[in-house]
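A.B. asks: Below is the file model-v8.cif, which contains mmCIF, C-alpha atoms.
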```cif
data_upload
loop_
_atom_site.group_PDB
_atom_site.id
_atom_site.type_symbol
_atom_site.label_atom_id
_atom_site.label_comp_id
_atom_site.auth_asym_id
_atom_site.auth_seq_id
_atom_site.Cartn_x
_atom_site.Cartn_y
_atom_site.Cartn_z
ATOM 1 C CA GLN A 1 109.548 96.687 92.559
ATOM 2 C CA VAL A 2 107.705 99.987 92.771
ATOM 3 C CA GLN A 3 108.518 102.438 95.566
ATOM 4 C CA LEU A 4 105.894 105.004 96.555
ATOM 5 C CA VAL A 5 106.813 108.139 98.519
ATOM 6 C CA GLN A 6 104.086 110.428 99.822
ATOM 7 C CA SER A 7 104.041 114.063 100.870
ATOM 8 C CA GLY A 8 104.099 115.089 104.513
ATOM 9 C CA ALA A 9 101.516 115.408 107.260
ATOM 10 C CA GLU A 10 98.783 118.034 107.012
ATOM 11 C CA VAL A 11 96.571 119.861 109.503
ATOM 12 C CA LYS A 12 93.402 121.313 108.016
ATOM 13 C CA LYS A 13 90.337 123.242 109.148
ATOM 14 C CA PRO A 14 86.840 121.796 108.697
ATOM 15 C CA GLY A 15 85.413 122.751 105.310
ATOM 16 C CA SER A 16 88.811 123.095 103.636
ATOM 17 C CA SER A 17 90.556 120.792 101.167
ATOM 18 C CA VAL A 18 93.719 118.713 101.331
ATOM 19 C CA LYS A 19 95.976 117.463 98.553
ATOM 20 C CA VAL A 20 98.351 114.550 99.117
ATOM 21 C CA SER A 21 100.982 113.548 96.563
ATOM 22 C CA CYS A 22 102.476 110.150 95.825
ATOM 23 C CA LYS A 23 105.604 109.781 93.696
ATOM 24 C CA ALA A 24 106.396 106.416 92.153
ATOM 25 C CA SER A 25 109.812 105.089 91.191
ATOM 26 C CA GLY A 26 110.864 101.773 89.699
ATOM 27 C CA GLY A 27 108.739 99.607 87.480
ATOM 28 C CA THR A 28 106.705 100.771 84.495
ATOM 29 C CA PHE A 29 104.478 103.570 85.724
ATOM 30 C CA ASN A 30 102.033 103.745 82.832
ATOM 31 C CA THR A 31 101.166 100.045 83.048
ATOM 32 C CA TYR A 32 99.932 100.181 86.633
ATOM 33 C CA ALA A 33 96.799 101.293 88.439
ATOM 34 C CA PHE A 34 97.123 103.276 91.644
ATOM 35 C CA SER A 35 94.631 103.464 94.477
ATOM 36 C CA TRP A 36 94.151 105.739 97.444
ATOM 37 C CA LEU A 37 93.068 104.293 100.765
ATOM 38 C CA ARG A 38 92.687 105.742 104.207
ATOM 39 C CA GLN A 39 92.842 104.318 107.697
ATOM 40 C CA ALA A 40 91.279 105.938 110.724
ATOM 41 C CA PRO A 41 92.845 105.158 114.118
ATOM 42 C CA GLY A 42 92.037 101.597 115.210
ATOM 43 C CA GLN A 43 90.195 100.785 111.969
ATOM 44 C CA GLY A 44 90.891 98.742 108.884
ATOM 45 C CA PRO A 45 91.893 100.445 105.639
ATOM 46 C CA GLU A 46 89.151 101.913 103.449
ATOM 47 C CA TRP A 47 89.463 102.062 99.652
ATOM 48 C CA MET A 48 88.675 105.511 98.263
ATOM 49 C CA GLY A 49 89.393 105.416 94.541
ATOM 50 C CA ARG A 50 91.869 104.545 91.809
ATOM 51 C CA ILE A 51 93.360 105.814 88.591
ATOM 52 C CA LEU A 52 95.090 104.298 85.563
ATOM 53 C CA PRO A 53 97.793 106.633 84.243
ATOM 54 C CA ILE A 54 97.160 105.593 80.638
ATOM 55 C CA VAL A 55 93.510 106.596 81.002
ATOM 56 C CA GLY A 56 93.968 109.549 83.335
ATOM 57 C CA LYS A 57 90.452 109.390 84.776
ATOM 58 C CA GLY A 58 89.775 108.385 88.366
ATOM 59 C CA ASN A 59 87.006 106.168 89.584
ATOM 60 C CA TYR A 60 85.757 106.664 93.088
ATOM 61 C CA ALA A 61 83.949 104.864 95.865
ATOM 62 C CA GLN A 62 80.374 106.102 96.067
ATOM 63 C CA LYS A 63 81.028 107.395 99.578
ATOM 64 C CA PHE A 64 83.527 109.950 98.231
ATOM 65 C CA GLN A 65 81.801 110.931 94.970
ATOM 66 C CA GLY A 66 81.809 114.686 94.570
ATOM 67 C CA ARG A 67 84.482 115.253 97.248
ATOM 68 C CA LEU A 68 87.418 113.255 95.924
ATOM 69 C CA THR A 69 89.622 113.922 92.917
ATOM 70 C CA ILE A 70 92.529 111.718 91.893
ATOM 71 C CA THR A 71 94.875 112.996 89.221
ATOM 72 C CA VAL A 72 98.068 111.764 87.604
ATOM 73 C CA ASP A 73 101.123 113.407 86.064
ATOM 74 C CA THR A 74 102.810 110.858 83.813
ATOM 75 C CA SER A 75 105.842 113.112 83.268
ATOM 76 C CA THR A 76 106.735 113.100 86.975
ATOM 77 C CA HIS A 77 105.229 109.713 87.889
ATOM 78 C CA THR A 78 103.076 111.366 90.528
ATOM 79 C CA VAL A 79 99.547 110.546 91.625
ATOM 80 C CA ASP A 80 97.658 113.149 93.665
ATOM 81 C CA MET A 81 94.592 112.839 95.851
ATOM 82 C CA GLU A 82 92.481 115.864 96.756
ATOM 83 C CA LEU A 83 89.654 115.625 99.276
ATOM 84 C CA SER A 84 87.377 118.615 99.780
ATOM 85 C CA SER A 85 84.784 119.740 102.336
ATOM 86 C CA LEU A 86 86.835 118.169 105.105
ATOM 87 C CA ARG A 87 85.210 117.189 108.386
ATOM 88 C CA SER A 88 86.599 115.755 111.586
ATOM 89 C CA GLU A 89 85.709 112.224 110.465
ATOM 90 C CA ASP A 90 88.249 112.589 107.640
ATOM 91 C CA THR A 91 91.097 112.553 110.164
ATOM 92 C CA ALA A 92 93.103 109.494 109.131
ATOM 93 C CA THR A 93 96.305 108.240 107.595
ATOM 94 C CA TYR A 94 96.033 108.306 103.816
ATOM 95 C CA TYR A 95 97.912 105.797 101.686
ATOM 96 C CA CYS A 96 98.604 105.462 98.009
ATOM 97 C CA ALA A 97 99.051 101.906 96.812
ATOM 98 C CA LYS A 98 99.746 100.100 93.577
ATOM 99 C CA ASP A 99 97.113 97.666 92.410
ATOM 100 C CA MET A 100 98.244 94.130 91.606
ATOM 101 C CA GLY A 101 95.851 92.813 89.010
ATOM 102 C CA SER A 102 92.644 94.466 87.903
ATOM 103 C CA GLY A 103 88.979 93.835 88.454
ATOM 104 C CA GLN A 104 88.244 90.721 90.473
ATOM 105 C CA GLY A 105 91.223 89.532 92.414
ATOM 106 C CA ALA A 106 93.049 92.853 92.555
ATOM 107 C CA SER A 107 95.141 93.432 95.652
ATOM 108 C CA PHE A 108 97.526 96.176 96.788
ATOM 109 C CA ASP A 109 101.127 95.038 96.553
ATOM 110 C CA SER A 110 103.095 98.249 97.134
ATOM 111 C CA TRP A 111 102.174 101.014 99.565
ATOM 112 C CA GLY A 112 103.390 104.493 100.332
ATOM 113 C CA GLN A 113 104.525 105.301 103.841
ATOM 114 C CA GLY A 114 101.247 107.050 104.684
ATOM 115 C CA THR A 115 100.306 110.691 105.246
ATOM 116 C CA LEU A 116 98.507 111.751 108.413
ATOM 117 C CA VAL A 117 95.749 114.258 107.740
ATOM 118 C CA THR A 118 94.275 115.885 110.819
ATOM 119 C CA VAL A 119 91.068 117.904 110.531
ATOM 120 C CA SER A 120 90.581 120.195 113.486
ATOM 121 C CA SER A 121 89.267 123.656 114.193
ATOM 122 C CA ASP B 1 79.102 96.706 99.967
ATOM 123 C CA ILE B 2 80.471 93.368 101.184
ATOM 124 C CA GLN B 3 81.159 93.375 104.925
ATOM 125 C CA MET B 4 84.234 91.565 106.229
ATOM 126 C CA THR B 5 84.233 90.346 109.837
ATOM 127 C CA GLN B 6 87.421 89.184 111.531
ATOM 128 C CA SER B 7 87.754 87.195 114.724
ATOM 129 C CA PRO B 8 89.069 87.369 117.265
ATOM 130 C CA SER B 9 89.761 91.109 117.425
ATOM 131 C CA SER B 10 92.940 90.290 119.345
ATOM 132 C CA LEU B 11 94.789 87.284 120.637
ATOM 133 C CA SER B 12 97.797 86.666 122.860
ATOM 134 C CA ALA B 13 100.387 84.106 121.854
ATOM 135 C CA SER B 14 104.014 83.118 122.379
ATOM 136 C CA VAL B 15 106.887 82.625 119.979
ATOM 137 C CA GLY B 16 106.561 79.174 118.451
ATOM 138 C CA ASP B 17 102.784 78.982 118.847
ATOM 139 C CA ARG B 18 100.453 78.038 116.004
ATOM 140 C CA VAL B 19 97.775 80.699 115.555
ATOM 141 C CA THR B 20 94.652 80.781 113.407
ATOM 142 C CA LEU B 21 92.830 83.954 112.396
ATOM 143 C CA THR B 22 89.357 83.936 110.884
ATOM 144 C CA CYS B 23 87.674 86.178 108.322
ATOM 145 C CA ARG B 24 84.036 85.958 107.239
ATOM 146 C CA ALA B 25 82.404 87.703 104.280
ATOM 147 C CA SER B 26 78.777 88.859 104.268
ATOM 148 C CA GLN B 27 78.250 87.037 100.949
ATOM 149 C CA SER B 28 80.191 84.550 98.867
ATOM 150 C CA ILE B 29 83.430 85.937 97.477
ATOM 151 C CA THR B 30 84.627 82.556 96.119
ATOM 152 C CA THR B 31 88.439 82.773 96.483
ATOM 153 C CA PHE B 32 88.869 86.541 96.071
ATOM 154 C CA LEU B 33 90.369 87.104 99.511
ATOM 155 C CA ASN B 34 93.658 88.789 100.402
ATOM 156 C CA TRP B 35 95.537 89.079 103.703
ATOM 157 C CA TYR B 36 97.752 91.925 104.900
ATOM 158 C CA GLN B 37 100.100 92.366 107.867
ATOM 159 C CA GLN B 38 100.539 95.761 109.493
ATOM 160 C CA SER B 39 103.130 96.638 112.129
ATOM 161 C CA PRO B 40 102.640 99.766 114.274
ATOM 162 C CA GLY B 41 103.339 102.972 112.369
ATOM 163 C CA LYS B 42 103.836 101.118 109.078
ATOM 164 C CA ALA B 43 101.798 100.614 105.940
ATOM 165 C CA PRO B 44 100.027 97.298 105.413
ATOM 166 C CA LYS B 45 102.026 94.625 103.620
ATOM 167 C CA LEU B 46 100.440 92.102 101.260
ATOM 168 C CA LEU B 47 100.934 88.566 102.601
ATOM 169 C CA ILE B 48 98.526 86.340 100.686
ATOM 170 C CA TYR B 49 96.301 86.867 97.653
ATOM 171 C CA GLY B 50 93.671 84.708 96.034
ATOM 172 C CA THR B 51 93.002 83.011 99.393
ATOM 173 C CA SER B 52 96.178 80.922 99.448
ATOM 174 C CA THR B 53 98.971 82.293 97.224
ATOM 175 C CA LEU B 54 101.910 83.698 99.170
ATOM 176 C CA GLN B 55 103.225 87.043 97.965
ATOM 177 C CA THR B 56 106.900 86.937 96.927
ATOM 178 C CA GLY B 57 109.182 86.827 99.943
ATOM 179 C CA VAL B 58 106.532 85.761 102.474
ATOM 180 C CA PRO B 59 107.753 82.783 104.513
ATOM 181 C CA PRO B 60 105.898 79.468 104.213
ATOM 182 C CA ARG B 61 104.838 79.460 107.878
ATOM 183 C CA PHE B 62 101.923 81.603 106.658
ATOM 184 C CA ARG B 63 99.055 79.657 105.104
ATOM 185 C CA GLY B 64 95.696 80.839 103.846
ATOM 186 C CA SER B 65 92.636 78.739 103.140
ATOM 187 C CA GLY B 66 88.896 78.930 102.662
ATOM 188 C CA TYR B 67 86.143 79.398 100.096
ATOM 189 C CA GLY B 68 82.905 81.278 99.774
ATOM 190 C CA THR B 69 82.357 83.165 103.014
ATOM 191 C CA ASP B 70 84.793 81.616 105.505
ATOM 192 C CA PHE B 71 88.553 82.014 105.425
ATOM 193 C CA THR B 72 91.501 81.418 107.721
ATOM 194 C CA LEU B 73 95.075 82.610 108.029
ATOM 195 C CA THR B 74 97.329 80.228 109.928
ATOM 196 C CA ILE B 75 100.811 80.994 111.192
ATOM 197 C CA SER B 76 102.398 77.628 111.914
ATOM 198 C CA SER B 77 105.139 78.798 114.288
ATOM 199 C CA LEU B 78 104.899 82.397 115.431
ATOM 200 C CA GLN B 79 108.103 84.421 115.102
ATOM 201 C CA PRO B 80 108.938 87.710 116.888
ATOM 202 C CA GLU B 81 108.386 89.732 113.709
ATOM 203 C CA ASP B 82 104.856 88.277 113.325
ATOM 204 C CA PHE B 83 103.400 90.251 116.243
ATOM 205 C CA ALA B 84 101.274 92.682 114.271
ATOM 206 C CA THR B 85 97.725 93.337 113.104
ATOM 207 C CA TYR B 86 96.314 91.273 110.247
ATOM 208 C CA TYR B 87 93.591 92.413 107.856
ATOM 209 C CA CYS B 88 91.575 90.488 105.332
ATOM 210 C CA GLN B 89 90.290 92.217 102.172
ATOM 211 C CA GLN B 90 87.818 91.016 99.580
ATOM 212 C CA SER B 91 88.462 91.646 95.894
ATOM 213 C CA TYR B 92 85.268 90.026 94.588
ATOM 214 C CA SER B 93 83.367 93.221 93.972
ATOM 215 C CA ALA B 94 83.785 96.976 94.177
ATOM 216 C CA PRO B 95 84.375 98.649 96.484
ATOM 217 C CA ARG B 96 87.154 96.422 97.810
ATOM 218 C CA THR B 97 86.560 96.219 101.544
ATOM 219 C CA PHE B 98 88.672 95.256 104.545
ATOM 220 C CA GLY B 99 87.965 93.709 107.894
ATOM 221 C CA HIS B 100 88.686 95.523 111.155
ATOM 222 C CA GLY B 101 91.727 93.396 111.853
ATOM 223 C CA THR B 102 93.082 90.870 114.339
ATOM 224 C CA LYS B 103 95.906 92.043 116.569
ATOM 225 C CA VAL B 104 98.403 89.316 117.503
ATOM 226 C CA GLU B 105 100.037 90.281 120.777
ATOM 227 C CA VAL B 106 102.780 88.846 122.963
ATOM 228 C CA LYS B 107 101.450 86.652 125.776
#
```
Can the structure from this file be put into structure tokens for me?

C.D. replies:
Amino acid sequence: QVQLVQSGAEVKKPGSSVKVSCKASGGTFNTYAFSWLRQAPGQGPEWMGRILPIVGKGNYAQKFQGRLTITVDTSTHTVDMELSSLRSEDTATYYCAKDMGSGQGASFDSWGQGTLVTVSS
Amino acid sequence: DIQMTQSPSSLSASVGDRVTLTCRASQSITTFLNWYQQSPGKAPKLLIYGTSTLQTGVPPRFRGSGYGTDFTLTISSLQPEDFATYYCQQSYSAPRTFGHGTKVEVK
């Protein structure tokens, strides 16, 4: 069973960037894929992008192309998410999650505890 | 992107009740449908994947069914820990998308 622990809450100004970390323990890190999702208040989760540690290259939802970067450090079992050009609509709780399966049928079977990112002037 | 619509948005029920939640996809997703449970202040938890397969540790009072565009999650006898919000998620095509949720509240 994989445990995911995320970094703490952030408050950011519009136009700035935020970086959220997710450290994995248990399981076999390099064999998994990890996704980042976010959830605005009162809304369902929204998938942002994912990365495979053995590949090291993220793939991103079109909505976040150019603003989102997901990176991985296989030595520390950490997956980071950086979102730039922040606006108020980016205020949400951000989650890292482990993918179960790949391609069609993939679900998210382990989740971090969530990191609240607040964008406010 | 595939749109997922859940109904109702909320419902009130009592312990022991049988409840049925509905999820509809904007196009056929065959059986690539997952369900999650989220309690306040917590991360979502995977309940059911592939329309009807219970994730390890999920009690059998939860049952998923459906095909194509119409899916249901049934809780046969509601327990106190089941009062939460439930989300469906399609895994047929990228990007994987979620519904807006059904909140199951205490009557």

A.B. asks: Quick one: axis-aligned box around all listed atoms of region 57-74 of chain A, 5 Å on every side, centre and edge lengths in Å to one decimal, written as JSON.

C.D. replies:
```
{"center_x": 91.6, "center_y": 110.1, "center_z": 91.7, "size_x": 32.4, "size_y": 20.4, "size_z": 25.8}
```

A.B. asks: Which residues fall under the PyMOL selection byres ((chain B) within 7 of (chain A)) in this file, as a PyMOL selection string?

C.D. replies: chain B and resi 32+34+42-43+46+49-50+87+91-93+95-101

A.B. asks: Next, write the just-selected residues to a file, as a compact mmCIF listing (two decimals), keeping the file's coordinate frame, keeping C-alpha atoms as the atom set.

C.D. replies:
```
# COMPACT_ATOMS: atom_id res chain seq x y z
CA PHE B 32 88.87 86.54 96.07
CA ASN B 34 93.66 88.79 100.40
CA LYS B 42 103.84 101.12 109.08
CA ALA B 43 101.80 100.61 105.94
CA LEU B 46 100.44 92.10 101.26
CA TYR B 49 96.30 86.87 97.65
CA GLY B 50 93.67 84.71 96.03
CA TYR B 87 93.59 92.41 107.86
CA SER B 91 88.46 91.65 95.89
CA TYR B 92 85.27 90.03 94.59
CA SER B 93 83.37 93.22 93.97
CA PRO B 95 84.38 98.65 96.48
CA ARG B 96 87.15 96.42 97.81
CA THR B 97 86.56 96.22 101.54
CA PHE B 98 88.67 95.26 104.54
CA GLY B 99 87.96 93.71 107.89
CA HIS B 100 88.69 95.52 111.16
CA GLY B 101 91.73 93.40 111.85
```

A.B. asks: For the PyMOL selection byres ((chain A and resi 70) around 9), applied here, can you spell out every residue it catches as a ChimeraX atom specification?

C.D. replies: /A:35-36,49-51,56-60,68-69,71-72,79-83

A.B. asks: Please compute the CA of Pro40 (chain B)-CA of Thr85 (chain B) distance, one decimal, in Å.

C.D. replies: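 A separation of 8.2 Å between them.
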
A.B. asks: Pick out the closest residue to Arg18 (chain B) from this set: B:Thr5, B:Ser77, B:Thr102, B:Gln89. Count all atoms listed in the file.

C.D. replies: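 With all atoms listed in the file as the atom set, the closest residue is B:Ser77.
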
A.B. asks: One decimal, Å: what's the distance from CA of Glu105 (chain B) over to CA of Leu33 (chain B), could you say?

C.D. replies: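 Distance reported for this atom pair: 23.6 Å.
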
A.B. asks: Name the closest residue to Thr72 (chain B) among the candidates B:Ile2, B:Val104, B:Val19, B:Val58; distances are taken between atoms, counting all atoms listed in the file.

C.D. replies: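 Comparing B:Ile2, B:Val104, B:Val19, B:Val58 against Thr72 (chain B), the winner is B:Val19.
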
A.B. asks: CA of Glu81 (chain B) to CA of Trp35 (chain B): how many Å, to one decimal?

C.D. replies: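 Distance reported for this atom pair: 16.3 Å.
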
A.B. asks: Using the chain letters and residue numbers of this document, give as a tab-separated table (two decimals) with C-alpha atoms, in the frame of the given file the residues selected by the PyMOL selection byres ((chain A and resi 92) around 7).

C.D. replies:
```tsv
chain	number	residue	atom	x	y	z
A	38	ARG	CA	92.69	105.74	104.21
A	39	GLN	CA	92.84	104.32	107.70
A	40	ALA	CA	91.28	105.94	110.72
A	41	PRO	CA	92.84	105.16	114.12
A	90	ASP	CA	88.25	112.59	107.64
A	91	THR	CA	91.10	112.55	110.16
A	93	THR	CA	96.30	108.24	107.60
A	94	TYR	CA	96.03	108.31	103.82
A	116	LEU	CA	98.51	111.75	108.41
A	117	VAL	CA	95.75	114.26	107.74
A	118	THR	CA	94.28	115.88	110.82
```

A.B. asks: Looking at B:Thr53, B:Ser76, B:Thr69, B:Gln38, which one is nearest to Ser26 (chain B), with distances taken over only C-alpha atoms?

C.D. replies: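 The shortest atom-to-atom distance to Ser26 (chain B) comes from B:Thr69.
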
A.B. asks: List as a PyMOL selection string: which residues have an atom within 9 Å of (91.0, 89.1, 119.3), counting all atoms listed in the file?

C.D. replies: chain B and resi 6-12+21+101-104
